[in-house]
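S.K.: Handing over model_33.cif, mmCIF, C-alpha atoms (C1' of nucleotides).
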data_upload
#
loop_
_atom_site.label_atom_id
_atom_site.label_comp_id
_atom_site.auth_asym_id
_atom_site.auth_seq_id
_atom_site.Cartn_x
_atom_site.Cartn_y
_atom_site.Cartn_z
CA MET A 973 122.26 89.50 105.54
CA LYS A 974 119.64 91.59 107.19
CA ARG A 975 117.92 94.61 105.71
CA ASN A 976 119.14 97.38 107.90
CA SER A 977 117.42 100.28 106.20
CA VAL A 978 119.45 101.93 103.50
CA ALA A 979 123.00 100.97 104.42
CA ASN A 980 126.05 98.73 104.06
CA GLN A 981 126.49 97.82 100.43
CA PRO A 982 128.51 94.80 99.44
CA ALA A 983 132.13 95.69 98.67
CA GLY A 984 132.45 97.21 95.22
CA ALA A 985 129.01 98.78 94.97
CA THR A 986 128.81 102.57 94.76
CA PRO A 987 127.21 103.76 97.97
CA LEU A 988 124.11 105.91 97.68
CA SER A 989 124.78 109.62 97.42
CA PRO A 990 123.09 111.98 99.88
CA VAL A 991 120.65 113.10 97.21
CA GLU A 992 119.75 109.55 96.39
CA VAL A 993 119.22 108.77 100.04
CA GLU A 994 116.92 111.74 100.48
CA VAL A 995 114.86 111.03 97.42
CA ILE A 996 114.50 107.40 98.37
CA HIS A 997 113.39 108.43 101.84
CA LEU A 998 110.75 110.59 100.28
CA PHE A 999 109.34 107.73 98.29
CA VAL A 1000 109.46 105.34 101.20
CA GLN A 1001 107.47 107.85 103.17
CA LEU A 1002 104.96 108.16 100.39
CA SER A 1003 104.71 104.39 100.19
CA ARG A 1004 103.61 104.25 103.81
CA ALA A 1005 100.74 106.61 103.09
CA LEU A 1006 99.74 104.51 100.11
CA GLY A 1007 100.24 101.15 101.76
CA GLN A 1008 102.99 99.98 99.46
CA PRO A 1009 105.99 97.90 100.54
CA PRO A 1010 109.14 99.90 101.27
CA SER A 1011 111.34 97.83 99.00
CA VAL A 1012 109.23 98.83 96.03
CA ALA A 1013 109.49 102.46 97.04
CA GLU A 1014 113.26 102.19 97.33
CA ILE A 1015 113.49 100.75 93.86
CA TYR A 1016 111.29 103.39 92.35
CA GLY A 1017 113.05 106.16 94.23
CA LEU A 1018 116.48 105.11 93.02
CA LEU A 1019 115.23 104.87 89.46
CA PHE A 1020 113.53 108.21 89.74
CA VAL A 1021 116.73 110.13 90.52
CA SER A 1022 118.95 108.10 88.28
CA PRO A 1023 119.99 109.83 85.05
CA HIS A 1024 120.53 106.45 83.36
CA PRO A 1025 118.46 103.34 83.08
CA LEU A 1026 119.58 100.78 85.63
CA PRO A 1027 119.96 97.00 85.51
CA GLN A 1028 118.71 94.73 88.26
CA ASP A 1029 121.97 94.18 90.07
CA GLU A 1030 122.22 97.91 90.74
CA PHE A 1031 119.18 97.54 92.92
CA TYR A 1032 120.25 94.68 95.06
CA ASP A 1033 123.82 95.86 95.29
CA ARG A 1034 123.18 99.48 96.08
CA LEU A 1035 119.94 99.22 98.04
CA ASN A 1036 121.03 95.91 99.41
CA LEU A 1037 117.92 93.99 99.05
CA SER A 1038 117.73 90.44 97.83
CA LYS A 1039 117.61 89.34 94.22
CA GLY A 1040 114.12 88.15 94.86
CA SER A 1041 112.89 91.50 96.10
CA ALA A 1042 114.47 93.35 93.22
CA SER A 1043 112.95 90.99 90.69
CA GLN A 1044 109.50 91.05 92.25
CA GLY A 1045 109.53 94.77 92.93
CA LEU A 1046 110.48 95.58 89.37
CA ARG A 1047 107.85 93.29 87.97
CA TYR A 1048 105.25 94.93 90.17
CA LEU A 1049 106.31 98.38 89.00
CA LEU A 1050 106.29 97.22 85.40
CA ASP A 1051 102.76 95.86 85.72
CA LEU A 1052 101.73 99.11 87.32
CA GLY A 1053 103.28 101.05 84.46
CA ALA A 1054 105.52 102.98 86.82
CA VAL A 1055 108.64 101.68 85.17
CA ARG A 1056 109.62 100.65 81.66
CA THR A 1057 112.40 98.54 80.23
CA VAL A 1058 115.13 100.02 78.08
CA TYR A 1059 117.43 98.28 75.66
CA VAL A 1060 121.09 99.07 76.19
CA ALA A 1061 123.48 98.08 73.42
CA ALA A 1062 126.15 95.53 74.18
CA ASP A 1063 124.66 94.66 77.56
CA ARG A 1064 122.86 91.47 78.24
CA ARG A 1065 120.98 92.82 81.22
CA VAL A 1066 117.56 94.39 81.04
CA HIS A 1067 117.65 98.03 82.06
CA TYR A 1068 114.83 99.95 83.69
CA GLU A 1069 113.81 103.57 83.79
CA ALA A 1070 111.13 105.39 85.76
CA VAL A 1071 107.91 106.49 84.14
CA ALA A 1072 107.41 109.80 85.85
CA GLU A 1073 104.22 111.34 84.48
CA LEU A 1074 102.01 111.94 87.48
CA ARG A 1075 98.78 111.54 85.60
CA ASN A 1076 99.60 108.06 84.38
CA LEU A 1077 101.06 106.98 87.65
CA ALA A 1078 98.20 108.17 89.78
CA GLY A 1079 95.61 106.86 87.38
CA ARG A 1080 97.02 103.40 87.11
CA PHE A 1081 97.65 103.18 90.80
CA MET A 1082 94.12 104.14 91.72
CA ARG A 1083 92.65 101.78 89.22
CA GLN A 1084 94.74 98.91 90.50
CA GLN A 1085 94.08 99.75 94.13
CA LEU A 1086 90.35 100.30 93.82
CA LEU A 1087 89.66 97.43 91.45
CA THR A 1088 91.51 95.01 93.66
CA ASN A 1089 89.51 95.87 96.73
CA PHE A 1090 86.25 96.98 95.30
CA GLU A 1091 85.04 95.10 92.28
CA ASP A 1092 81.80 93.88 93.78
CA SER A 1093 80.76 96.75 96.00
CA GLY A 1094 77.87 97.57 93.69
CA ALA A 1095 76.55 94.03 93.84
CA ARG A 1096 76.93 93.97 97.57
CA LEU A 1097 75.01 97.18 97.93
CA ALA A 1098 72.17 95.75 95.89
CA ARG A 1099 72.13 92.67 98.08
CA ILE A 1100 72.03 94.85 101.18
CA ALA A 1101 69.15 96.85 99.80
CA ALA A 1102 67.23 93.65 99.16
CA GLU A 1103 67.90 92.32 102.65
CA ALA A 1104 66.79 95.60 104.11
CA GLN A 1105 63.29 95.09 102.73
CA LYS A 1106 62.88 92.09 105.00
CA LEU A 1107 63.20 94.24 108.08
CA ASP A 1108 60.25 95.96 109.66
CA GLY A 1109 59.07 99.31 110.86
CA GLU A 1110 61.51 101.79 112.29
CA GLU A 1111 64.51 99.63 111.67
CA ARG A 1112 63.77 99.21 108.03
CA LYS A 1113 63.35 102.92 107.60
CA HIS A 1114 66.73 103.55 109.10
CA VAL A 1115 68.59 100.84 107.26
CA VAL A 1116 67.07 101.85 103.94
CA SER A 1117 68.19 105.41 104.49
CA ARG A 1118 71.68 104.23 105.32
CA VAL A 1119 71.84 102.13 102.22
CA LYS A 1120 70.76 105.10 100.15
CA MET A 1121 73.57 107.02 101.76
CA LEU A 1122 76.08 104.37 100.79
CA GLN A 1123 74.85 104.36 97.23
CA SER A 1124 75.16 108.08 97.11
CA TRP A 1125 78.70 107.85 98.44
CA GLU A 1126 79.59 105.40 95.75
CA LYS A 1127 78.21 107.65 93.08
CA ASN A 1128 80.09 110.63 94.46
CA VAL A 1129 83.37 108.79 94.51
CA LYS A 1130 82.86 107.62 90.96
CA ARG A 1131 82.17 111.17 89.96
CA VAL A 1132 85.22 112.55 91.70
CA LEU A 1133 87.84 110.14 90.44
CA PRO A 1134 87.93 111.31 86.82
CA ILE A 1135 88.07 114.90 88.00
CA ILE A 1136 91.06 114.16 90.15
CA LEU A 1137 92.87 112.59 87.24
CA THR A 1138 92.09 115.47 84.96
CA VAL A 1139 93.30 118.07 87.39
CA LEU A 1140 96.44 116.11 88.19
CA GLY A 1141 97.20 115.73 84.55
CA GLY A 1142 96.23 119.23 83.37
CA ARG A 1143 99.36 121.21 84.07
CA ASN A 1144 101.49 118.26 84.80
CA GLY A 1145 104.85 117.63 86.34
CA ALA A 1146 107.19 117.91 83.35
CA ALA A 1147 109.87 120.21 84.72
CA ARG A 1148 110.91 122.81 82.21
CA MET B 1497 89.01 83.46 122.51
CA LYS B 1498 90.20 83.83 118.97
CA ARG B 1499 88.90 86.26 116.41
CA ASN B 1500 87.34 84.05 113.81
CA SER B 1501 85.99 86.74 111.51
CA VAL B 1502 82.45 87.80 112.27
CA ALA B 1503 81.07 84.80 114.14
CA ASN B 1504 80.28 83.02 117.40
CA GLN B 1505 79.03 85.56 119.89
CA PRO B 1506 79.14 84.82 123.57
CA ALA B 1507 75.87 83.36 124.85
CA GLY B 1508 73.26 86.05 125.32
CA ALA B 1509 74.46 88.48 122.69
CA THR B 1510 72.16 89.16 119.75
CA PRO B 1511 73.82 87.69 116.70
CA LEU B 1512 74.43 89.98 113.76
CA SER B 1513 71.58 90.16 111.29
CA PRO B 1514 72.28 89.47 107.60
CA VAL B 1515 72.06 93.17 106.81
CA GLU B 1516 74.51 94.00 109.53
CA VAL B 1517 76.90 91.34 108.30
CA GLU B 1518 76.78 92.67 104.77
CA VAL B 1519 77.27 96.27 105.74
CA ILE B 1520 80.16 95.36 108.00
CA HIS B 1521 81.73 93.39 105.18
CA LEU B 1522 81.47 96.43 103.00
CA PHE B 1523 83.31 98.59 105.48
CA VAL B 1524 85.95 95.97 106.12
CA GLN B 1525 86.58 95.86 102.41
CA LEU B 1526 86.84 99.61 102.26
CA SER B 1527 89.23 99.56 105.18
CA ARG B 1528 91.60 97.35 103.23
CA ALA B 1529 91.72 99.85 100.40
CA LEU B 1530 92.41 102.63 102.88
CA GLY B 1531 94.87 100.71 104.99
CA GLN B 1532 92.81 100.73 108.15
CA PRO B 1533 92.57 97.86 110.64
CA PRO B 1534 89.55 95.58 110.17
CA SER B 1535 88.43 95.84 113.77
CA VAL B 1536 87.94 99.56 113.34
CA ALA B 1537 85.95 98.97 110.19
CA GLU B 1538 83.75 96.44 111.96
CA ILE B 1539 83.03 98.90 114.70
CA TYR B 1540 82.20 101.70 112.33
CA GLY B 1541 80.12 99.42 110.13
CA LEU B 1542 77.99 98.20 113.01
CA LEU B 1543 77.45 101.74 114.22
CA PHE B 1544 76.61 102.88 110.73
CA VAL B 1545 73.65 100.54 110.33
CA SER B 1546 72.51 100.76 113.89
CA PRO B 1547 69.37 102.86 114.45
CA HIS B 1548 70.42 103.50 118.07
CA PRO B 1549 73.61 104.70 119.68
CA LEU B 1550 75.54 101.74 121.05
CA PRO B 1551 77.60 101.24 124.20
CA GLN B 1552 80.98 99.56 124.20
CA ASP B 1553 79.91 96.11 125.27
CA GLU B 1554 77.71 95.81 122.19
CA PHE B 1555 80.87 95.90 120.15
CA TYR B 1556 82.84 93.25 121.93
CA ASP B 1557 79.84 91.05 122.50
CA ARG B 1558 78.34 91.15 119.05
CA LEU B 1559 81.48 91.54 116.93
CA ASN B 1560 83.37 89.45 119.38
CA LEU B 1561 86.47 91.42 119.66
CA SER B 1562 88.28 92.12 122.86
CA LYS B 1563 87.51 94.94 125.25
CA GLY B 1564 90.83 96.41 124.34
CA SER B 1565 90.12 96.51 120.63
CA ALA B 1566 86.70 98.05 121.16
CA SER B 1567 88.09 100.72 123.43
CA GLN B 1568 91.00 101.56 121.16
CA GLY B 1569 88.97 101.42 117.99
CA LEU B 1570 86.33 103.74 119.36
CA ARG B 1571 88.91 106.18 120.57
CA TYR B 1572 90.53 106.17 117.16
CA LEU B 1573 87.20 106.82 115.48
CA LEU B 1574 86.41 109.56 117.96
CA ASP B 1575 89.71 111.30 117.30
CA LEU B 1576 89.03 111.00 113.60
CA GLY B 1577 85.61 112.51 114.07
CA ALA B 1578 83.92 109.50 112.51
CA VAL B 1579 81.99 108.80 115.66
CA ARG B 1580 80.53 110.86 118.45
CA THR B 1581 79.42 110.12 121.96
CA VAL B 1582 75.80 110.32 122.99
CA TYR B 1583 74.32 110.66 126.44
CA VAL B 1584 71.65 108.13 127.22
CA ALA B 1585 69.50 108.79 130.28
CA ALA B 1586 69.61 106.31 133.10
CA ASP B 1587 72.56 104.46 131.63
CA ARG B 1588 76.03 104.76 132.96
CA ARG B 1589 77.68 103.57 129.79
CA VAL B 1590 78.92 105.94 127.12
CA HIS B 1591 77.02 105.44 123.89
CA TYR B 1592 78.37 106.05 120.43
CA GLU B 1593 76.83 106.95 117.10
CA ALA B 1594 78.30 107.19 113.62
CA VAL B 1595 79.04 110.51 112.02
CA ALA B 1596 78.02 109.80 108.48
CA GLU B 1597 78.63 112.94 106.44
CA LEU B 1598 80.96 111.95 103.66
CA ARG B 1599 82.52 115.36 103.36
CA ASN B 1600 83.61 115.52 106.96
CA LEU B 1601 84.72 111.93 107.04
CA ALA B 1602 86.78 112.10 103.90
CA GLY B 1603 88.26 115.42 104.83
CA ARG B 1604 89.35 114.43 108.28
CA PHE B 1605 90.63 111.11 107.10
CA MET B 1606 92.79 112.63 104.41
CA ARG B 1607 94.12 115.27 106.72
CA GLN B 1608 95.03 112.72 109.35
CA GLN B 1609 96.53 110.32 106.83
CA LEU B 1610 98.54 112.90 104.93
CA LEU B 1611 99.69 114.87 107.94
CA THR B 1612 100.89 111.76 109.70
CA ASN B 1613 103.04 110.61 106.82
CA PHE B 1614 103.88 113.83 105.18
CA GLU B 1615 104.46 116.73 107.48
CA ASP B 1616 108.03 117.38 106.46
CA SER B 1617 107.96 116.58 102.78
CA GLY B 1618 108.32 120.24 101.92
CA ALA B 1619 111.42 120.58 104.09
CA ARG B 1620 112.86 117.39 102.67
CA LEU B 1621 112.33 118.64 99.14
CA ALA B 1622 114.17 121.84 99.96
CA ARG B 1623 117.03 119.84 101.41
CA ILE B 1624 117.17 117.71 98.30
CA ALA B 1625 117.24 120.77 96.10
CA ALA B 1626 120.15 122.13 98.10
CA GLU B 1627 122.07 118.85 97.91
CA ALA B 1628 121.47 118.73 94.19
CA GLN B 1629 123.47 121.93 93.71
CA LYS B 1630 126.58 120.11 94.91
CA LEU B 1631 126.46 117.73 91.98
CA ASP B 1632 128.07 118.54 88.68
CA GLY B 1633 127.32 118.65 84.99
CA GLU B 1634 124.84 116.29 83.45
CA GLU B 1635 123.90 114.68 86.71
CA ARG B 1636 123.03 117.94 88.34
CA LYS B 1637 120.87 118.90 85.42
CA HIS B 1638 118.93 115.69 85.69
CA VAL B 1639 118.51 115.70 89.44
CA VAL B 1640 117.43 119.32 89.45
CA SER B 1641 114.77 118.55 86.88
CA ARG B 1642 113.56 115.62 88.92
CA VAL B 1643 113.35 117.74 92.03
CA LYS B 1644 111.33 120.31 90.11
CA MET B 1645 109.05 117.50 89.08
CA LEU B 1646 108.54 116.45 92.68
CA GLN B 1647 107.80 120.00 93.73
CA SER B 1648 105.29 120.26 90.96
CA TRP B 1649 103.67 117.03 92.07
CA GLU B 1650 103.39 118.34 95.57
CA LYS B 1651 101.76 121.51 94.34
CA ASN B 1652 99.32 119.58 92.19
CA VAL B 1653 98.28 117.35 95.04
CA LYS B 1654 97.75 120.35 97.28
CA ARG B 1655 95.65 121.94 94.59
CA VAL B 1656 93.53 118.85 94.04
CA LEU B 1657 92.70 118.02 97.63
CA PRO B 1658 90.34 120.93 98.29
CA ILE B 1659 88.61 120.26 94.99
CA ILE B 1660 87.99 116.69 95.93
CA LEU B 1661 86.45 117.73 99.21
CA THR B 1662 84.24 120.29 97.55
CA VAL B 1663 82.95 117.86 94.98
CA LEU B 1664 82.38 115.16 97.57
CA GLY B 1665 80.53 117.58 99.74
CA GLY B 1666 78.52 119.40 97.09
CA ARG B 1667 75.54 117.14 96.70
CA ASN B 1668 76.25 115.07 99.69
CA GLY B 1669 75.07 111.78 101.04
CA ALA B 1670 72.04 112.70 103.12
CA ALA B 1671 69.48 110.16 101.95
CA ARG B 1672 66.13 111.70 101.31
"C1'" DT C 629 83.39 103.35 152.29
"C1'" DT C 630 82.72 99.41 149.89
"C1'" DT C 631 81.14 97.24 145.86
"C1'" DA C 632 79.81 96.91 141.25
"C1'" DT C 633 80.12 98.66 136.64
"C1'" DC C 634 82.43 100.61 132.92
"C1'" DT C 635 86.65 101.94 130.64
"C1'" DT C 636 91.57 102.37 129.45
"C1'" DT C 637 96.28 100.76 129.15
"C1'" DC C 638 99.93 98.10 127.61
"C1'" DA C 639 102.98 93.87 127.59
"C1'" DT C 640 102.28 89.69 125.25
"C1'" DT C 641 100.51 86.94 121.53
"C1'" DT C 642 98.70 86.14 117.08
"C1'" DC C 643 98.22 87.12 112.38
"C1'" DT C 644 99.58 89.30 108.11
"C1'" DT C 645 102.74 90.93 104.96
"C1'" DA C 646 107.32 91.66 103.18
"C1'" DT C 647 111.79 89.85 102.43
"C1'" DT C 648 115.13 86.44 101.85
"C1'" DG C 649 117.86 82.97 99.59
"C1'" DA C 650 118.56 78.78 97.44
"C1'" DA C 651 117.04 76.18 93.61
"C1'" DC C 652 115.82 76.33 89.10
"C1'" DA C 653 115.13 78.35 84.34
"C1'" DA C 654 116.76 80.93 80.40
"C1'" DT C 655 120.04 83.03 77.66
"C1'" DT C 656 124.49 84.16 75.71
"C1'" DC C 657 129.28 83.44 75.12
"C1'" DG C 658 133.52 80.76 74.26
"C1'" DC D 931 128.45 71.50 74.01
"C1'" DG D 932 129.67 73.45 78.83
"C1'" DA D 933 130.30 77.54 81.67
"C1'" DA D 934 129.05 81.93 82.99
"C1'" DT D 935 125.67 85.42 83.56
"C1'" DT D 936 121.05 87.08 84.27
"C1'" DG D 937 116.49 86.45 85.89
"C1'" DT D 938 112.47 84.17 88.23
"C1'" DT D 939 110.00 81.39 91.64
"C1'" DC D 940 108.52 80.07 95.95
"C1'" DA D 941 108.95 77.86 100.57
"C1'" DA D 942 110.90 79.52 104.76
"C1'" DT D 943 111.75 83.33 107.78
"C1'" DA D 944 111.68 87.84 109.58
"C1'" DA D 945 109.53 92.11 110.42
"C1'" DG D 946 105.63 94.62 111.31
"C1'" DA D 947 100.75 95.48 112.52
"C1'" DA D 948 96.67 94.28 114.92
"C1'" DA D 949 94.27 92.01 118.62
"C1'" DT D 950 94.11 90.08 123.16
"C1'" DG D 951 93.42 89.94 128.06
"C1'" DA D 952 94.75 90.77 132.54
"C1'" DA D 953 95.53 94.50 135.51
"C1'" DA D 954 94.58 98.95 137.01
"C1'" DG D 955 91.73 103.46 136.77
"C1'" DA D 956 87.45 105.79 137.09
"C1'" DT D 957 83.00 106.63 138.34
"C1'" DA D 958 78.67 105.78 140.28
"C1'" DA D 959 75.50 103.29 143.29
"C1'" DA D 960 74.54 101.06 147.70
#
Hey, can you dump this file as structure tokens for me?

M.R.:
Amino acid sequence: MKRNSVANQPAGATPLSPVEVEVIHLFVQLSRALGQPPSVAEIYGLLFVSPHPLPQDEFYDRLNLSKGSASQGLRYLLDLGAVRTVYVAADRRVHYEAVAELRNLAGRFMRQQLLTNFEDSGARLARIAAEAQKLDGEERKHVVSRVKMLQSWEKNVKRVLPIILTVLGGRNGAAR
Amino acid sequence: MKRNSVANQPAGATPLSPVEVEVIHLFVQLSRALGQPPSVAEIYGLLFVSPHPLPQDEFYDRLNLSKGSASQGLRYLLDLGAVRTVYVAADRRVHYEAVAELRNLAGRFMRQQLLTNFEDSGARLARIAAEAQKLDGEERKHVVSRVKMLQSWEKNVKRVLPIILTVLGGRNGAAR
DNA sequence: TTTATCTTTCATTTCTTATTGAACAATTCG
DNA sequence: CGAATTGTTCAATAAGAAATGAAAGATAAA
């Protein structure tokens, strides 16, 4: 069966309500901006509106994605800390609920994202600086100044990140 | 000819120096984190280290990408404001140079990125809020609180963005 | 005007990433 | 112990994104 956006559930599954559809859309949109796969966004979106913890089959029945996607997507969200498991009495299935505190979410996401792609940027910058010394005259002057610029960028970004997290967390999103 | 990373220039083109290679790597890495195509990162990286403005053929000769990619990539960077054109006397070709102020770069990039994916999120939130009123009892209560949470998130993000830009710009990257 | 140079466009191809689904655990129930 | 239910893994496939290259525009020089 093909993934035709959010549509045609298998017989017996409760179709998505209009609110659910809208909220899921919102998260899918967000996922594009953040470079995350849509299936993950769908899963998180559904969990986010749901008043109860949900078991895995809810996801592949109602969002009609494959077992595999549901399993992988949930594991990814678990690792990210965007979702937690909940024990439900008299039910064998593992249930999930959304972790919705913006500070945690944003923080973990950034860490994951930046660490994955960035670990060695400092080392690389040092290597570049060293290489630059081998150049001569005008060119060296220019390259050295560019490298300094990059180092300054790095420092700035490192300075800004904690601030972002603080501000995001300060008055945070707990609706009351 | 296939794109085999940064390698085999056509005969006659100056091969990339070690410094250039490293700097380009750095930008390609960054581009992954930001979800930008590698070819664009290569172009910007080369321009960033270059002490002179460069014409288009430099890009497809030395980075060996196609004319098409060079043209499109440069246009993209121009639109973003990450690159500007430079007039060079007695040369018919348009030359390009990098715009390297972090504040401008980051600002424009965020604006472009967020506007593209986000324009209507406010409207969508309003629609969701309206839909939520149609629900009843417990469920409505929960959905309404979630919607409030989303609205609060949106507000927080809008509040944080200008701060980020200010801090990035404050002591900015002009090497001296 | 004709020719040469430089640039853009866009249908096609290639490459990357996300998703599927069938096979294989693992667990609980009868 | 099976049998049924739940969950994971991973090779194969599909969907999507980026890059190519050939053709067509522009512009300038001869």

S.K.: Might you spell out which residues the PyMOL selection byres ((chain C and resi 647-656) around 7) would select in the displayed file, as a PDB file with C-alpha atoms (C1' of nucleotides), keeping the file's coordinate frame?

M.R.:
ATOM      1  CA  SER A1038     117.730  90.440  97.830  1.00  0.00           C
ATOM      2  CA  SER A1041     112.890  91.500  96.100  1.00  0.00           C
TER       3      SER A1041
ATOM      4  C1'  DA C 646     107.320  91.660 103.180  1.00  0.00           C
ATOM      5  C1'  DC C 657     129.280  83.440  75.120  1.00  0.00           C
TER       6       DC C 657
END

S.K.: Run the PyMOL selection byres ((chain A) within 12 of (chain C)) mentally over the shown coordinates, then write out the matched residues as a list in words, using the chain letters and numbers from the document.

M.R.: Met973, Lys974, Arg975, Asn976, Gly1007, Gln1008, Pro1009, Pro1010, Ser1011, Val1012, Tyr1032, Asn1036, Leu1037, Ser1038, Lys1039, Gly1040, Ser1041, Ala1042, Ser1043, Gln1044, Gly1045, Ala1062, Asp1063, Arg1064 and Arg1065 of chain A

S.K.: With all atoms listed in the file considered, list every residue of chain A at most 8 Å from chain B, as a compact mmCIF listing (two decimals) with C-alpha atoms, in the frame of the given file.

M.R.:
# COMPACT_ATOMS: atom_id res chain seq x y z
CA PRO A 990 123.09 111.98 99.88
CA VAL A 991 120.65 113.10 97.21
CA GLU A 994 116.92 111.74 100.48
CA VAL A 995 114.86 111.03 97.42
CA LEU A 998 110.75 110.59 100.28
CA GLN A 1001 107.47 107.85 103.17
CA LEU A 1002 104.96 108.16 100.39
CA ARG A 1004 103.61 104.25 103.81
CA ALA A 1005 100.74 106.61 103.09
CA LEU A 1006 99.74 104.51 100.11
CA GLY A 1007 100.24 101.15 101.76
CA PHE A 1020 113.53 108.21 89.74
CA VAL A 1021 116.73 110.13 90.52
CA SER A 1022 118.95 108.10 88.28
CA PRO A 1023 119.99 109.83 85.05
CA LEU A 1074 102.01 111.94 87.48
CA GLN A 1085 94.08 99.75 94.13
CA LEU A 1086 90.35 100.30 93.82
CA ASN A 1089 89.51 95.87 96.73
CA PHE A 1090 86.25 96.98 95.30
CA SER A 1093 80.76 96.75 96.00
CA ARG A 1096 76.93 93.97 97.57
CA ILE A 1100 72.03 94.85 101.18
CA GLU A 1103 67.90 92.32 102.65
CA ALA A 1104 66.79 95.60 104.11
CA GLU A 1111 64.51 99.63 111.67
CA HIS A 1114 66.73 103.55 109.10
CA VAL A 1115 68.59 100.84 107.26
CA SER A 1117 68.19 105.41 104.49
CA ARG A 1118 71.68 104.23 105.32
CA LYS A 1120 70.76 105.10 100.15
CA MET A 1121 73.57 107.02 101.76
CA LEU A 1122 76.08 104.37 100.79
CA SER A 1124 75.16 108.08 97.11
CA TRP A 1125 78.70 107.85 98.44
CA ASN A 1128 80.09 110.63 94.46
CA VAL A 1129 83.37 108.79 94.51
CA VAL A 1132 85.22 112.55 91.70
CA ILE A 1136 91.06 114.16 90.15
CA VAL A 1139 93.30 118.07 87.39
CA LEU A 1140 96.44 116.11 88.19
CA ASN A 1144 101.49 118.26 84.80
CA GLY A 1145 104.85 117.63 86.34
CA ALA A 1146 107.19 117.91 83.35
CA ALA A 1147 109.87 120.21 84.72
CA ARG A 1148 110.91 122.81 82.21

S.K.: List as a list in words the protein and nucleic acid residues near Thr1057 in chain A, meaning an atom at most 9 Å away when all atoms listed in the file are counted, but skip any in the same chain fewer than 3 places from it.

M.R.: Pro1025, Leu1050, Val1066, His1067, Tyr1068, Glu1069 and Ala1070 of chain A

S.K.: Just need the residues of chain D within 10 Å of chain B, counting all atoms listed in the file, so spit them out as JSON, numbers by chain.

M.R.: {"D": [947, 948, 949, 950, 951, 957, 958]}

S.K.: Between CA of Leu1570 in chain B and CA of Gly1094 in chain A, what distance in Å does the model show, to one decimal?

M.R.: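 Between CA of Leu1570 in chain B and CA of Gly1094 in chain A the gap is 27.7 Å.
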
S.K.: Report the distance between CA of Val1055 in chain A and C1' of DA934 in chain D in Å, rounded to one decimal place.

M.R.: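 C1' of DA934 in chain D lies 28.5 Å from CA of Val1055 in chain A.
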
S.K.: With 3 Å of padding per side, what axis-aligned box (centre and edge lengths, Å, one decimal) covers all the listed atoms of range 1023-1038 of chain A? Give it as JSON.

M.R.:
{"center_x": 120.8, "center_y": 100.1, "center_z": 91.2, "size_x": 12.1, "size_y": 25.4, "size_z": 22.3}

S.K.: Using only C-alpha atoms (C1' of nucleotides), can you list as a VMD selection string the residues within 6 Å of (100.6, 99.6, 88.4)?

M.R.: chain A and resid 1049 1051 to 1053 1080 to 1081

S.K.: Work out how far CA of Ala1619 in chain B is from CA of Asn1076 in chain A, in Å to one decimal.

M.R.: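 Rounded to one decimal, the two atoms are 26.2 Å apart.
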